[in-house]
Amino acid sequence: MIKYDAKTNMLDRQIEGKIAWKNAQVNESDYLVPLTDALLEEIDQTIQVLSKNPVETTALCLSDYPMPHADALMAKVKAILDEGVGFAIIDKLDVEKYSKEALTQIYWLLSSRISRPVAQAYDGRLLYDVKDTGKKTDVTVRGDLTNQELSWHSDYGFNFAPPYLGLLVLRTAKEGGISKAGSLLNAHNELRKRDPALMQRLYEPFYWNRQGEHAENEHPTHWHSMFQSDGKDVRARYNRSLIPVGYELEGKKLDDKGRAAIDAISEILGEPENHLTFTLVAGQMQFVNNFKMAHLRSDYVDYDEPEKKRHLIRIFLRDYGRRSYMG
């Protein structure tokens with residue numbers, strides 16, 4: 001496994017490659033991946049098999065359900081995540097034709113072709129419902145359970161972050177819920193040019209609020225840098241909101257340079273030339289390289305009827321470590 005170290009930085013050079021993109025360098029074809037007719041037929045056949053031979057979704061094994069067209073499409077998606085722009089949108093499953101269970105099972109089988117599904121909460125759940133619970137974000141309430149804006153972030157940087165994550169859209173909100181995506185490696189390039197000292201601070205550790213995702217006797221914060229490097233490649237984790245709370249939990253003051261550095265990344269990502277804006281629709285699946293990308297979701301207004309409320313299903317994907325939350 002590649003060893004990343006916060007002591008090694010990439011301040012002496014520009015990060016190259018498609019993953020360090022600006023808006024003007026990205027075409028829709030770089031990230032939008034249509035489902036082919038052949039794959040749609042393959043999906044339909046697989047759902048028919050599963051309807052006659054039920055298996056719990058999280059027990060489904062790829063070897064039991066050969067899908068050569070799915071293999072080809074998901075290899076393309078993984079290449080986009082690893083070598084391309086770092087995120088992909090698959091367009092799309094038929095949410096009117098299939099049940100939630102059938103859609104989730106296909107999502108599981110497609111996602112598993114990228115990497116192995118792993119736990120994404122301390123309680124061990126492998127699939128996570130992203131929907132508004134009526135709560136508001138606080139020390140232990142995560143933003144994905146609210147309708148509040150989720151500011152620029154990568155997922156679960158406060159614990160053992162997965163390299164890839166996916167979202168299946170079952171239903172969208174009445175209003176809002178707009179998505180944005182930006183390259184953290186492009187943000188690295190920009191901050192390095194504008195203020196190298198601030199960029200250096202992001203290679204030094206911060207206290208992160210773990211949002212209660214740990215055993216009762218464990219510490220409520222982790223001590224991580226936002227950027228790590230092996231001297232050739234950079235791995236990033238970013239969440240502007242969790243670090244000030246982490247310092248509050250520790251009874252410490254976030255240093256001025258640290259605050260300025262995390263604010264600077266958010267400001268760079270927010271500049272129109274440094275992100276893409278899009279609206280996910282029901283049936284689409286989004287996959288993200290969680291070590292290279294940041295994303296944002298605007299706040300939203302939901303429907304009153306429970307059966308119409310916004311509902312996404314998230315999955316974490318990782319081929320190393322245990323399948324448990326901390327790996």
# chains A, B, ... in the order shown; residues from 1 in each chain; ligands from 1
call {"tool": "select_by_dssp", "arguments": {"residues": "range 29-148 of chain A", "states": "helix (DSSP H, G or I)", "output": "VMD selection string"}}
result
chain A and resid 29 to 30 37 to 52 57 to 59 62 to 64 68 to 83 100 to 111 143 to 145
call {"tool": "closest_atom_pairs", "arguments": {"of": "range 257-280 of chain A", "to": "range 150-170 of chain A", "cutoff": "8 Å", "atoms": "only C-alpha atoms", "output": "CSV"}}
result
residue,atom,partner,partner_atom,distance
A:Ser266,CA,A:Trp152,CA,6.3
A:Leu269,CA,A:Trp152,CA,7.5
A:Leu280,CA,A:Val169,CA,7.3
call {"tool": "residues_around", "arguments": {"residues": "Arg171 in chain A", "least_positions_apart": "2", "cutoff": "12 Å", "atoms": "only C-alpha atoms", "output": "CSV table (one decimal) with C-alpha atoms, in the first residue's frame"}}
result
chain,number,residue,atom,x,y,z
A,94,ASP,CA,-36.0,3.3,-13.9
A,95,VAL,CA,-37.4,4.3,-10.5
A,96,GLU,CA,-41.0,3.8,-11.8
A,100,LYS,CA,-36.7,0.3,-3.9
A,129,ASP,CA,-30.3,6.3,4.0
A,130,VAL,CA,-29.7,9.9,3.3
A,131,LYS,CA,-32.8,11.9,4.1
A,167,LEU,CA,-25.2,7.7,-4.0
A,168,LEU,CA,-28.3,6.2,-5.5
A,169,VAL,CA,-31.1,8.8,-6.0
A,173,ALA,CA,-36.7,17.3,-3.1
A,174,LYS,CA,-39.5,19.6,-3.9
A,175,GLU,CA,-37.0,22.5,-4.2
A,177,GLY,CA,-30.7,20.0,-3.1
A,280,LEU,CA,-29.1,14.8,-9.7
A,281,VAL,CA,-32.4,13.2,-10.8
A,282,ALA,CA,-34.2,10.0,-9.6
A,283,GLY,CA,-32.5,6.9,-10.9
A,284,GLN,CA,-29.1,8.4,-11.3
A,285,MET,CA,-26.1,7.0,-9.4
A,302,ASP,CA,-39.0,18.7,0.9
A,303,TYR,CA,-42.5,17.4,0.2
A,306,PRO,CA,-43.6,10.8,3.4
A,307,GLU,CA,-43.7,8.8,0.2
A,308,LYS,CA,-42.5,11.8,-1.8
A,309,LYS,CA,-39.7,12.9,0.4
A,310,ARG,CA,-36.1,13.2,-0.9
A,311,HIS,CA,-34.3,9.9,-0.4
A,312,LEU,CA,-30.8,8.8,-1.5
A,313,ILE,CA,-28.9,5.7,-0.5
call {"tool": "residues_around", "arguments": {"residues": "Pro68 in chain A", "least_positions_apart": "2", "cutoff": "12 Å", "atoms": "only C-alpha atoms", "output": "number ranges by chain"}}
result
A: 38-43, 46, 62-63, 65-66, 70-75, 109-110, 113
call {"tool": "residues_around", "arguments": {"residues": "Ile80 in chain A", "least_positions_apart": "6", "cutoff": "8 Å", "atoms": "only C-alpha atoms", "output": "list in words"}}
result
Asp30, Tyr31, Gly86, Phe87 and Ala88 of chain A
call {"tool": "write_last_selection", "arguments": {"atoms": "N, CA and C atoms", "output": "short mmCIF file (atom, residue, chain, number, x, y, z; two decimals), in the first residue's frame"}}
result
data_model
loop_
_atom_site.label_atom_id
_atom_site.label_comp_id
_atom_site.auth_asym_id
_atom_site.auth_seq_id
_atom_site.Cartn_x
_atom_site.Cartn_y
_atom_site.Cartn_z
N ASP A 30 -17.14 13.73 -19.78
CA ASP A 30 -16.07 13.31 -18.88
C ASP A 30 -16.60 12.61 -17.63
N TYR A 31 -17.87 12.88 -17.29
CA TYR A 31 -18.41 12.30 -16.05
C TYR A 31 -19.78 11.63 -16.20
N GLY A 86 -12.59 12.35 -11.51
CA GLY A 86 -12.77 12.00 -10.10
C GLY A 86 -14.19 11.79 -9.65
N PHE A 87 -15.18 12.02 -10.51
CA PHE A 87 -16.56 11.70 -10.17
C PHE A 87 -17.31 11.30 -11.43
N ALA A 88 -18.32 10.46 -11.26
CA ALA A 88 -19.09 9.97 -12.40
C ALA A 88 -20.57 9.90 -12.02
#
call {"tool": "select_by_dssp", "arguments": {"residues": "range 51-278 of chain A", "states": "strand (DSSP E or B)", "output": "PyMOL selection string"}}
result
chain A and resi 87-91+117-118+128-130+150-153+164-171+175-176+179-183+206-209+221-224+227-229+234-236+239+276-278
call {"tool": "residues_around", "arguments": {"residues": "range 12-14 of chain A", "least_positions_apart": "5", "cutoff": "10 Å", "atoms": "only C-alpha atoms", "output": "count of residues only"}}
result
9
call {"tool": "residues_around", "arguments": {"residues": "Ser298 in chain A", "least_positions_apart": "6", "cutoff": "9 Å", "atoms": "only C-alpha atoms", "output": "list in words"}}
result
Asn147, Gln148, Glu149, Leu150, Ser151, Gly176, Gly177, Ile178, Ser179 and Lys180 of chain A
call {"tool": "write_last_selection", "arguments": {"atoms": "N, CA and C atoms", "output": "PDB file, in the first residue's frame"}}
result
ATOM      1  N   ASN A 147     -31.978  18.788   6.232  1.00  0.00           N
ATOM      2  CA  ASN A 147     -32.170  19.441   4.930  1.00  0.00           C
ATOM      3  C   ASN A 147     -31.313  20.698   4.808  1.00  0.00           C
ATOM      4  N   GLN A 148     -30.368  20.863   5.740  1.00  0.00           N
ATOM      5  CA  GLN A 148     -29.480  22.021   5.718  1.00  0.00           C
ATOM      6  C   GLN A 148     -28.391  21.858   4.648  1.00  0.00           C
ATOM      7  N   GLU A 149     -27.833  22.988   4.243  1.00  0.00           N
ATOM      8  CA  GLU A 149     -26.744  22.912   3.274  1.00  0.00           C
ATOM      9  C   GLU A 149     -25.584  22.107   3.845  1.00  0.00           C
ATOM     10  N   LEU A 150     -25.011  21.249   3.013  1.00  0.00           N
ATOM     11  CA  LEU A 150     -23.768  20.564   3.341  1.00  0.00           C
ATOM     12  C   LEU A 150     -22.657  21.318   2.625  1.00  0.00           C
ATOM     13  N   SER A 151     -21.865  22.069   3.372  1.00  0.00           N
ATOM     14  CA  SER A 151     -20.809  22.873   2.759  1.00  0.00           C
ATOM     15  C   SER A 151     -19.726  21.956   2.186  1.00  0.00           C
ATOM     16  N   GLY A 176     -34.612  22.791  -4.346  1.00  0.00           N
ATOM     17  CA  GLY A 176     -33.245  22.819  -3.834  1.00  0.00           C
ATOM     18  C   GLY A 176     -32.551  21.465  -3.932  1.00  0.00           C
ATOM     19  N   GLY A 177     -31.529  21.270  -3.073  1.00  0.00           N
ATOM     20  CA  GLY A 177     -30.749  20.040  -3.125  1.00  0.00           C
ATOM     21  C   GLY A 177     -29.811  20.007  -4.325  1.00  0.00           C
ATOM     22  N   ILE A 178     -29.329  21.181  -4.737  1.00  0.00           N
ATOM     23  CA  ILE A 178     -28.417  21.278  -5.874  1.00  0.00           C
ATOM     24  C   ILE A 178     -27.035  20.757  -5.467  1.00  0.00           C
ATOM     25  N   SER A 179     -26.365  20.053  -6.380  1.00  0.00           N
ATOM     26  CA  SER A 179     -25.046  19.490  -6.101  1.00  0.00           C
ATOM     27  C   SER A 179     -23.946  20.296  -6.787  1.00  0.00           C
ATOM     28  N   LYS A 180     -22.783  20.328  -6.137  1.00  0.00           N
ATOM     29  CA  LYS A 180     -21.579  20.906  -6.736  1.00  0.00           C
ATOM     30  C   LYS A 180     -20.416  19.956  -6.467  1.00  0.00           C
TER      31      LYS A 180
END
